[in-house]
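Novice: So here's structure-v6.cif (mmCIF, C-alpha atoms and all ligand atoms).
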data_my_file
loop_
_atom_site.label_atom_id
_atom_site.label_comp_id
_atom_site.auth_asym_id
_atom_site.auth_seq_id
_atom_site.Cartn_x
_atom_site.Cartn_y
_atom_site.Cartn_z
CA MET E 1 0.00 0.00 0.00
CA GLY E 2 1.35 3.45 -0.90
CA PHE E 3 0.96 6.44 1.42
CA GLY E 4 0.16 10.01 0.39
CA ARG E 5 -2.73 9.39 -1.99
CA PRO E 6 -4.98 11.07 -1.13
CA HIS E 7 -3.15 13.80 0.81
CA ARG E 8 -5.05 16.43 2.86
CA HIS E 9 -2.95 19.34 4.08
CA PHE E 10 -4.24 21.91 6.58
CA ARG E 11 -2.77 25.24 7.68
CA ARG E 12 -4.10 24.62 11.18
CA VAL E 13 -5.95 21.73 12.82
CA ASP E 14 -6.53 20.51 16.34
CA SER E 15 -4.68 17.24 15.68
CA THR E 16 -3.86 15.46 12.43
CA ASN E 17 -4.64 12.16 14.17
CA GLU E 18 -8.12 13.44 15.04
CA ARG E 19 -8.76 14.53 11.41
CA ALA E 20 -7.45 11.23 10.06
CA LYS E 21 -9.64 9.25 12.47
CA GLU E 22 -12.69 11.26 11.42
CA LEU E 23 -11.92 10.65 7.76
CA ALA E 24 -11.32 6.97 8.47
CA ALA E 25 -14.68 6.65 10.22
CA ALA E 26 -16.29 8.35 7.19
CA GLY E 27 -14.80 5.70 4.87
CA ALA E 28 -11.52 7.28 3.64
CA PRO E 29 -9.25 4.89 1.74
CA GLY E 30 -6.06 3.32 3.07
CA GLY E 31 -3.03 5.40 2.11
CA LEU E 32 -4.67 8.70 3.10
CA VAL E 33 -2.19 11.11 4.69
CA VAL E 34 -3.21 14.16 6.71
CA THR E 35 -0.62 16.87 7.44
CA SER E 36 -0.77 20.32 8.94
CA ASP E 37 1.51 23.33 9.42
CA GLU E 38 0.19 23.70 12.93
CA GLN E 39 -1.78 21.79 15.57
CA THR E 40 -3.77 23.46 18.31
CA ALA E 41 -4.24 20.24 20.28
CA GLY E 42 -1.45 17.93 19.11
CA ARG E 43 -1.36 14.78 21.18
CA GLY E 44 1.48 12.57 22.32
CA ARG E 45 1.46 9.19 23.99
CA ARG E 46 0.08 8.75 27.49
CA GLY E 47 -2.20 11.79 27.11
CA HIS E 48 0.63 14.31 26.80
CA ALA E 49 0.46 17.39 24.57
CA TRP E 50 2.80 17.45 21.56
CA PHE E 51 4.81 20.66 21.17
CA ALA E 52 5.37 21.88 17.58
CA PRO E 53 5.96 25.49 16.53
CA PRO E 54 4.05 26.29 13.29
CA GLY E 55 5.86 25.32 10.09
CA SER E 56 8.87 23.74 11.82
CA CYS E 57 7.75 20.12 12.11
CA LEU E 58 6.29 17.35 10.06
CA LEU E 59 2.88 16.73 11.60
CA TYR E 60 1.67 13.59 9.89
CA SER E 61 -1.09 11.00 10.18
CA ALA E 62 -1.43 8.09 7.78
CA LEU E 63 -4.39 5.74 7.44
CA LEU E 64 -3.56 2.04 7.37
CA ARG E 65 -6.51 0.09 5.98
CA PRO E 66 -7.32 -2.77 6.00
CA TYR E 67 -5.99 -3.41 9.50
CA SER E 68 -7.26 -6.12 11.79
CA GLY E 69 -4.22 -6.15 14.10
CA GLU E 70 -2.60 -9.05 12.27
CA GLU E 71 -1.46 -7.69 8.90
CA VAL E 72 1.51 -5.82 10.29
CA PRO E 73 3.39 -7.71 12.96
CA LEU E 74 4.93 -5.32 15.46
CA LEU E 75 3.40 -2.17 13.92
CA PRO E 76 4.49 0.03 16.87
CA LEU E 77 8.12 -1.04 16.20
CA ALA E 78 7.91 -0.86 12.39
CA VAL E 79 6.80 2.79 12.38
CA PRO E 80 9.82 4.26 14.24
CA ILE E 81 12.13 2.34 11.92
CA ALA E 82 10.42 4.10 8.99
CA VAL E 83 10.83 7.43 10.81
CA CYS E 84 14.57 6.80 11.38
CA GLU E 85 15.08 5.98 7.72
CA ALA E 86 13.12 9.04 6.55
CA ALA E 87 15.14 11.32 8.86
CA GLU E 88 18.43 9.78 7.73
CA ALA E 89 17.41 10.17 4.07
CA ILE E 90 17.10 13.93 4.37
CA ALA E 91 19.69 14.91 6.98
CA PRO E 92 23.20 13.77 7.98
CA VAL E 93 22.04 12.11 11.19
CA ARG E 94 22.01 8.68 12.80
CA CYS E 95 18.79 7.87 14.67
CA GLN E 96 18.13 5.48 17.51
CA ILE E 97 14.84 4.26 18.95
CA LYS E 98 13.90 4.54 22.59
CA TRP E 99 11.50 1.66 23.12
CA PRO E 100 8.79 1.47 22.12
CA ASN E 101 8.74 4.16 19.45
CA ASP E 102 10.49 7.44 20.27
CA VAL E 103 13.19 8.46 17.78
CA TRP E 104 16.33 10.02 19.23
CA ILE E 105 19.49 11.64 17.88
CA ASP E 106 22.52 12.11 20.14
CA GLU E 107 20.57 11.37 23.32
CA ARG E 108 17.71 13.73 22.50
CA LYS E 109 14.23 13.05 21.16
CA VAL E 110 13.60 14.20 17.58
CA ALA E 111 10.34 12.43 16.74
CA GLY E 112 7.40 10.63 18.31
CA VAL E 113 4.83 8.11 17.14
CA LEU E 114 1.20 7.76 18.21
CA VAL E 115 -0.60 4.79 16.64
CA GLU E 116 -4.36 4.72 17.21
CA ALA E 117 -5.80 1.43 15.99
CA ARG E 118 -9.46 0.43 15.53
CA PRO E 119 -9.10 -3.18 14.44
CA ASP E 120 -12.85 -3.69 14.96
CA GLN E 121 -13.45 -1.02 12.28
CA GLY E 122 -10.58 -2.30 10.09
CA TRP E 123 -8.12 0.59 10.29
CA ALA E 124 -5.26 2.21 12.21
CA VAL E 125 -4.04 5.81 12.17
CA ILE E 126 -0.26 6.17 12.33
CA GLY E 127 0.60 9.58 13.80
CA VAL E 128 4.14 10.91 13.50
CA GLY E 129 5.64 14.20 14.64
CA ILE E 130 9.20 15.00 13.49
CA ASN E 131 11.03 18.12 14.63
CA ILE E 132 12.53 19.46 11.41
CA ALA E 133 13.80 22.99 12.02
CA ILE E 134 13.50 24.10 15.62
CA THR E 135 16.38 25.93 17.27
CA ASP E 136 17.22 25.08 20.86
CA GLU E 137 15.89 28.50 21.91
CA ASP E 138 12.52 27.75 20.30
CA PHE E 139 11.92 24.76 22.56
CA PRO E 140 10.17 25.51 25.84
CA ALA E 141 12.57 25.44 28.79
CA GLU E 142 11.37 22.04 29.99
CA LEU E 143 12.22 20.41 26.62
CA ARG E 144 15.46 22.26 25.81
CA GLU E 145 17.75 19.61 27.31
CA SER E 146 15.87 16.58 26.02
CA ALA E 147 14.54 17.51 22.56
CA THR E 148 16.29 18.18 19.27
CA SER E 149 15.52 18.80 15.63
CA LEU E 150 16.97 17.62 12.31
CA LEU E 151 18.15 21.12 11.42
CA PRO E 152 21.58 21.78 12.91
CA THR E 153 21.41 24.68 15.28
CA GLU E 154 25.11 25.48 15.17
CA ALA E 155 26.62 27.11 12.06
CA GLU E 156 29.79 25.05 12.49
CA ASP E 157 27.83 21.85 11.93
CA GLY E 158 28.88 22.25 8.31
CA LEU E 159 25.64 22.21 6.31
CA PRO E 160 25.71 24.90 3.62
CA PRO E 161 23.23 27.77 3.93
CA GLY E 162 19.90 26.56 2.61
CA GLY E 163 20.89 22.95 3.19
CA ALA E 164 18.37 22.46 5.95
CA PRO E 165 15.99 19.59 5.32
CA SER E 166 12.51 20.76 4.53
CA VAL E 167 9.24 19.54 5.91
CA ARG E 168 8.16 18.67 2.36
CA ARG E 169 11.17 16.43 1.80
CA ALA E 170 10.52 14.75 5.12
CA LEU E 171 6.93 14.06 4.05
CA ALA E 172 8.02 12.40 0.79
CA ALA E 173 10.70 10.36 2.58
CA LEU E 174 8.27 9.18 5.27
CA ASN E 175 5.59 8.18 2.75
CA GLU E 176 8.18 6.02 1.05
CA SER E 177 9.77 4.42 4.12
CA LEU E 178 6.41 3.79 5.82
CA GLU E 179 5.19 1.90 2.76
CA ARG E 180 8.23 -0.35 2.99
CA TRP E 181 8.01 -1.00 6.73
CA VAL E 182 4.29 -1.70 7.05
CA GLU E 183 4.87 -4.48 4.54
CA ALA E 184 7.90 -5.97 6.32
CA GLY E 185 7.79 -9.26 8.20
CA GLY E 186 8.19 -9.51 11.97
CA ASP E 187 11.70 -10.98 11.80
CA GLU E 188 12.95 -8.17 9.58
CA VAL E 189 11.36 -5.57 11.85
CA LEU E 190 13.11 -7.04 14.90
CA ASP E 191 16.46 -7.47 13.12
CA THR E 192 16.37 -3.82 12.09
CA TYR E 193 14.97 -2.50 15.36
CA ARG E 194 17.47 -4.14 17.70
CA PRO E 195 20.66 -2.41 16.46
CA ARG E 196 18.86 0.94 16.82
CA ASP E 197 17.70 0.20 20.36
CA LEU E 198 18.81 3.06 22.60
CA LEU E 199 17.96 1.31 25.87
CA CYS E 200 19.78 -1.97 25.35
CA GLY E 201 22.30 -2.40 28.19
CA ARG E 202 21.10 0.69 30.05
CA ARG E 203 19.76 0.97 33.54
CA ILE E 204 16.08 1.87 33.44
CA SER E 205 13.29 2.31 35.92
CA TRP E 206 9.52 2.36 35.71
CA GLU E 207 6.59 2.67 38.08
CA GLY E 208 6.95 -0.95 39.18
CA GLY E 209 10.70 -1.54 39.30
CA ALA E 210 14.20 -1.06 37.93
CA GLY E 211 16.83 -3.06 36.07
CA VAL E 212 18.97 -3.24 32.95
CA ALA E 213 17.24 -3.41 29.56
CA ARG E 214 18.36 -6.51 27.66
CA GLU E 215 16.40 -6.71 24.39
CA VAL E 216 13.06 -6.39 22.63
CA ASP E 217 11.43 -9.81 22.24
CA GLU E 218 9.33 -11.31 19.41
CA ARG E 219 6.14 -9.81 20.85
CA GLY E 220 7.67 -6.34 20.96
CA HIS E 221 8.03 -6.40 24.73
CA LEU E 222 11.11 -4.99 26.46
CA VAL E 223 12.94 -7.69 28.42
CA VAL E 224 14.66 -6.34 31.53
CA ASP E 225 17.06 -8.00 33.95
CA THR E 226 15.71 -6.79 37.25
CA GLU E 227 17.70 -5.77 40.29
CA GLY E 228 16.54 -8.80 42.23
CA GLY E 229 18.10 -11.17 39.70
CA GLY E 230 14.88 -11.96 37.83
CA GLU E 231 13.57 -10.95 34.45
CA VAL E 232 10.46 -9.08 33.36
CA ALA E 233 8.96 -8.37 29.93
CA LEU E 234 7.36 -4.93 29.79
CA GLY E 235 4.42 -4.22 27.43
CA ALA E 236 4.46 -0.90 25.59
CA GLY E 237 1.22 0.39 27.02
CA GLU E 238 2.10 -0.50 30.58
CA VAL E 239 5.00 1.65 31.67
CA HIS E 240 6.64 5.03 31.63
CA LEU E 241 10.39 4.52 31.51
CA SER E 242 13.17 6.63 32.90
CA PHE E 243 16.82 6.06 32.12
CA ASN E 244 20.16 7.70 32.77
CA ARG E 245 21.21 9.85 29.81
C1 LIG T 1 4.84 10.93 21.49
O1 LIG T 1 6.06 10.82 21.38
O2 LIG T 1 4.32 11.15 22.59
C2 LIG T 1 3.99 10.82 20.26
C3 LIG T 1 3.87 12.12 19.54
C4 LIG T 1 3.01 12.05 18.29
C5 LIG T 1 2.75 13.42 17.72
C6 LIG T 1 2.10 13.37 16.36
S1 LIG T 1 2.10 14.96 15.58
C7 LIG T 1 1.04 14.36 14.34
C8 LIG T 1 0.03 13.45 15.03
N1 LIG T 1 -1.09 14.23 15.52
C9 LIG T 1 -1.15 14.23 16.85
O3 LIG T 1 -2.00 14.84 17.54
N2 LIG T 1 -0.15 13.48 17.37
C10 LIG T 1 0.65 12.90 16.31
#
Take the structure I supplied and represent it as structure tokens, if you would.

Specialist:
Amino acid sequence: MGFGRPHRHFRRVDSTNERAKELAAAGAPGGLVVTSDEQTAGRGRRGHAWFAPPGSCLLYSALLRPYSGEEVPLLPLAVPIAVCEAAEAIAPVRCQIKWPNDVWIDERKVAGVLVEARPDQGWAVIGVGINIAITDEDFPAELRESATSLLPTEAEDGLPPGGAPSVRRALAALNESLERWVEAGGDEVLDTYRPRDLLCGRRISWEGGAGVAREVDERGHLVVDTEGGGEVALGAGEVHLSFNR
């Protein structure tokens, strides 16, 4: 399935995921992509708001249809791989994935993924926000240390003037890489995900415990060696992780 046909672009919406879900419920075809220059109520995982200054980010929601929950093994892991590849196609960066689906560059978050699936209705909306051209000063104080953008913020980073990746190029690259990764098999997703895994070998903690992250298993769970000498497999929806940067 290709993504980007049809494509609905808005100057301003509440949330591209909300628009895509509305269109999905009204019968829109698989492959639909909704983008916007600005969101007034952009949403992140776990009910958080998603910060994005107007025009500086790719705000993207794609409709996957048909989707019963079985067509794409490990969808929440396949999407951040596609985001990494799109980012690396348009900027001289190397991305990692903080399980389950945050995309990081040099220990800072550059992109997030919010998949909202309705298998009973036969579709899923894949929401992606990528920071394209935000200077450190443009981030609110609470994000300045932990967030980054594809555009280098230092002149000495070496990109020529005008060499900054554009939101439009990011859109084309993501349409292409997402098409590839929603069609990939589970083994290929895992084999590609694991070398990008930011948490592997790091000490992490969550509401229920602490330990050292070992690997992501075949179900997409994060296997952790716990402090007490045991092992636990964390499900993506279950925990909020902290780790030492
Ligand atoms: C996260 O890391 O918490 C997920 C962030 C997902 C943000 C994107 S921006 C486009 C789409 N519309 C939304 O309201 N959210 C997603």

Novice: Just want the 9 Å neighbourhood of Phe10 of chain E, counted on all atoms listed in the file, with same-chain residues fewer than 3 positions away dropped. Output as a list in words.

Specialist: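 Returned residues: Val13, Thr16, Val34, Thr35, Ser36, Asp37 and Glu38 of chain E.
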
Novice: Write as a PDB file with C-alpha atoms, in the coordinates of the input the residues around ligand LIG 1 (chain T), taking 8 Å as the cut-off and counting all atoms listed in the file.

Specialist:
ATOM      1  CA  ASP E  14      -6.530  20.510  16.340  1.00  0.00           C
ATOM      2  CA  SER E  15      -4.680  17.240  15.680  1.00  0.00           C
ATOM      3  CA  THR E  16      -3.860  15.460  12.430  1.00  0.00           C
ATOM      4  CA  ASN E  17      -4.640  12.160  14.170  1.00  0.00           C
ATOM      5  CA  GLU E  18      -8.120  13.440  15.040  1.00  0.00           C
ATOM      6  CA  THR E  35      -0.620  16.870   7.440  1.00  0.00           C
ATOM      7  CA  GLN E  39      -1.780  21.790  15.570  1.00  0.00           C
ATOM      8  CA  ALA E  41      -4.240  20.240  20.280  1.00  0.00           C
ATOM      9  CA  GLY E  42      -1.450  17.930  19.110  1.00  0.00           C
ATOM     10  CA  ARG E  43      -1.360  14.780  21.180  1.00  0.00           C
ATOM     11  CA  GLY E  44       1.480  12.570  22.320  1.00  0.00           C
ATOM     12  CA  ARG E  45       1.460   9.190  23.990  1.00  0.00           C
ATOM     13  CA  ARG E  46       0.080   8.750  27.490  1.00  0.00           C
ATOM     14  CA  GLY E  47      -2.200  11.790  27.110  1.00  0.00           C
ATOM     15  CA  HIS E  48       0.630  14.310  26.800  1.00  0.00           C
ATOM     16  CA  ALA E  49       0.460  17.390  24.570  1.00  0.00           C
ATOM     17  CA  TRP E  50       2.800  17.450  21.560  1.00  0.00           C
ATOM     18  CA  ALA E  52       5.370  21.880  17.580  1.00  0.00           C
ATOM     19  CA  LEU E  58       6.290  17.350  10.060  1.00  0.00           C
ATOM     20  CA  LEU E  59       2.880  16.730  11.600  1.00  0.00           C
ATOM     21  CA  TYR E  60       1.670  13.590   9.890  1.00  0.00           C
ATOM     22  CA  SER E  61      -1.090  11.000  10.180  1.00  0.00           C
ATOM     23  CA  ASN E 101       8.740   4.160  19.450  1.00  0.00           C
ATOM     24  CA  ASP E 102      10.490   7.440  20.270  1.00  0.00           C
ATOM     25  CA  ALA E 111      10.340  12.430  16.740  1.00  0.00           C
ATOM     26  CA  GLY E 112       7.400  10.630  18.310  1.00  0.00           C
ATOM     27  CA  VAL E 113       4.830   8.110  17.140  1.00  0.00           C
ATOM     28  CA  LEU E 114       1.200   7.760  18.210  1.00  0.00           C
ATOM     29  CA  ILE E 126      -0.260   6.170  12.330  1.00  0.00           C
ATOM     30  CA  GLY E 127       0.600   9.580  13.800  1.00  0.00           C
ATOM     31  CA  VAL E 128       4.140  10.910  13.500  1.00  0.00           C
ATOM     32  CA  GLY E 129       5.640  14.200  14.640  1.00  0.00           C
ATOM     33  CA  ILE E 130       9.200  15.000  13.490  1.00  0.00           C
TER      34      ILE E 130
END

Novice: What does the distance between atom CA of Val189 of chain E and atom CA of Leu77 of chain E come to in Å, to one decimal place?

Specialist: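 Going from atom CA of Val189 of chain E over to atom CA of Leu77 of chain E covers 7.1 Å.
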
Novice: List the spatial neighbours of segment 69-73 of chain E as a ChimeraX atom specification - criterion: any atom at most 7 Å away, all atoms listed in the file, same-chain residues fewer than 3 positions off excluded.

Specialist: /E:119,182-183,185-186

Novice: Go through E:Val79, E:Ala233, E:Ala86, E:Ala25 and flag the residue nearest Ser166 of chain E, using all atoms listed in the file for the distances.

Specialist: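 Answer, going by the shortest atom-to-atom distance: E:Ala86.
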
Novice: Output as a Markdown table one row per residue of segment 103-206 of chain E within 12 Å of segment 226-231 of chain E: the closest atom pair and its distance in Å to one decimal place, counting only C-alpha atoms, sorted by chain and residue number ascending.

Specialist:
| residue | atom | partner | partner_atom | distance |
| --- | --- | --- | --- | --- |
| E:Arg202 | CA | E:Thr226 | CA | 11.7 |
| E:Arg203 | CA | E:Thr226 | CA | 9.5 |
| E:Ile204 | CA | E:Thr226 | CA | 9.5 |
| E:Ser205 | CA | E:Thr226 | CA | 9.5 |
| E:Trp206 | CA | E:Thr226 | CA | 11.2 |

Novice: For the selection just defined, write its residues with C-alpha atoms to a file, as an mmCIF file, keeping the file's coordinate frame.

Specialist:
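What landed in selection_7.cif:
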data_model
loop_
_atom_site.group_PDB
_atom_site.id
_atom_site.type_symbol
_atom_site.label_atom_id
_atom_site.label_comp_id
_atom_site.auth_asym_id
_atom_site.auth_seq_id
_atom_site.Cartn_x
_atom_site.Cartn_y
_atom_site.Cartn_z
ATOM 1 C CA ARG E 202 21.100 0.690 30.050
ATOM 2 C CA ARG E 203 19.760 0.970 33.540
ATOM 3 C CA ILE E 204 16.080 1.870 33.440
ATOM 4 C CA SER E 205 13.290 2.310 35.920
ATOM 5 C CA TRP E 206 9.520 2.360 35.710
#

Novice: So which residues touch Ala173 of chain E within 10 Å, counting all atoms listed in the file, skipping near sequence neighbours fewer than 4 positions away, as a list of chain:residue names?

Specialist: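 After dropping sequence-adjacent residues, the list is E:Ala82, E:Val83, E:Glu85, E:Ala86, E:Ala87, E:Glu88, E:Ala89, E:Ile90, E:Val167, E:Arg168, E:Arg169, E:Ser177, E:Leu178.
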
Novice: Hey, which of E:Phe51, E:Glu116, E:Val223, E:Arg19 ends up closest to Leu143 of chain E? Count all atoms listed in the file.

Specialist: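 Among E:Phe51, E:Glu116, E:Val223, E:Arg19, it is E:Phe51 that comes nearest to Leu143 of chain E.
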
Novice: Tell me, in Å to one decimal, how far atom CA of Asn175 of chain E is from atom CA of Phe3 of chain E.

Specialist: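 These two atoms are separated by 5.1 Å.
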
Novice: Suppose you want the space between atom CA of Gly235 of chain E and atom CA of Asp120 of chain E; what is it in Å?

Specialist: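 Separation of atom CA of Gly235 of chain E and atom CA of Asp120 of chain E: 21.3 Å.
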
Novice: Excluding Leu64 of chain E and any residue of its chain fewer than 3 positions from it, enumerate the residues within 9 Å of it, using all atoms listed in the file, and give them as a list in words.

Specialist: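 That gives Met1, Phe3, Pro29, Gly30, Gly31, Leu32, Tyr67, Ala117, Gly122, Trp123, Ala124, Val125, Ile126 and Val182 of chain E.
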
Novice: Counting only C-alpha atoms, which of E:Arg8, E:Glu142, E:Lys21, E:Ala62 gets nearest to Glu176 of chain E?

Specialist: E:Ala62

Novice: From the list E:Leu151, E:Ala141, E:Pro6, E:Ala78, which residue is nearest Val110 of chain E when using only C-alpha atoms?

Specialist: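 Of E:Leu151, E:Ala141, E:Pro6, E:Ala78, the one nearest Val110 of chain E, counting only C-alpha atoms, is E:Leu151.
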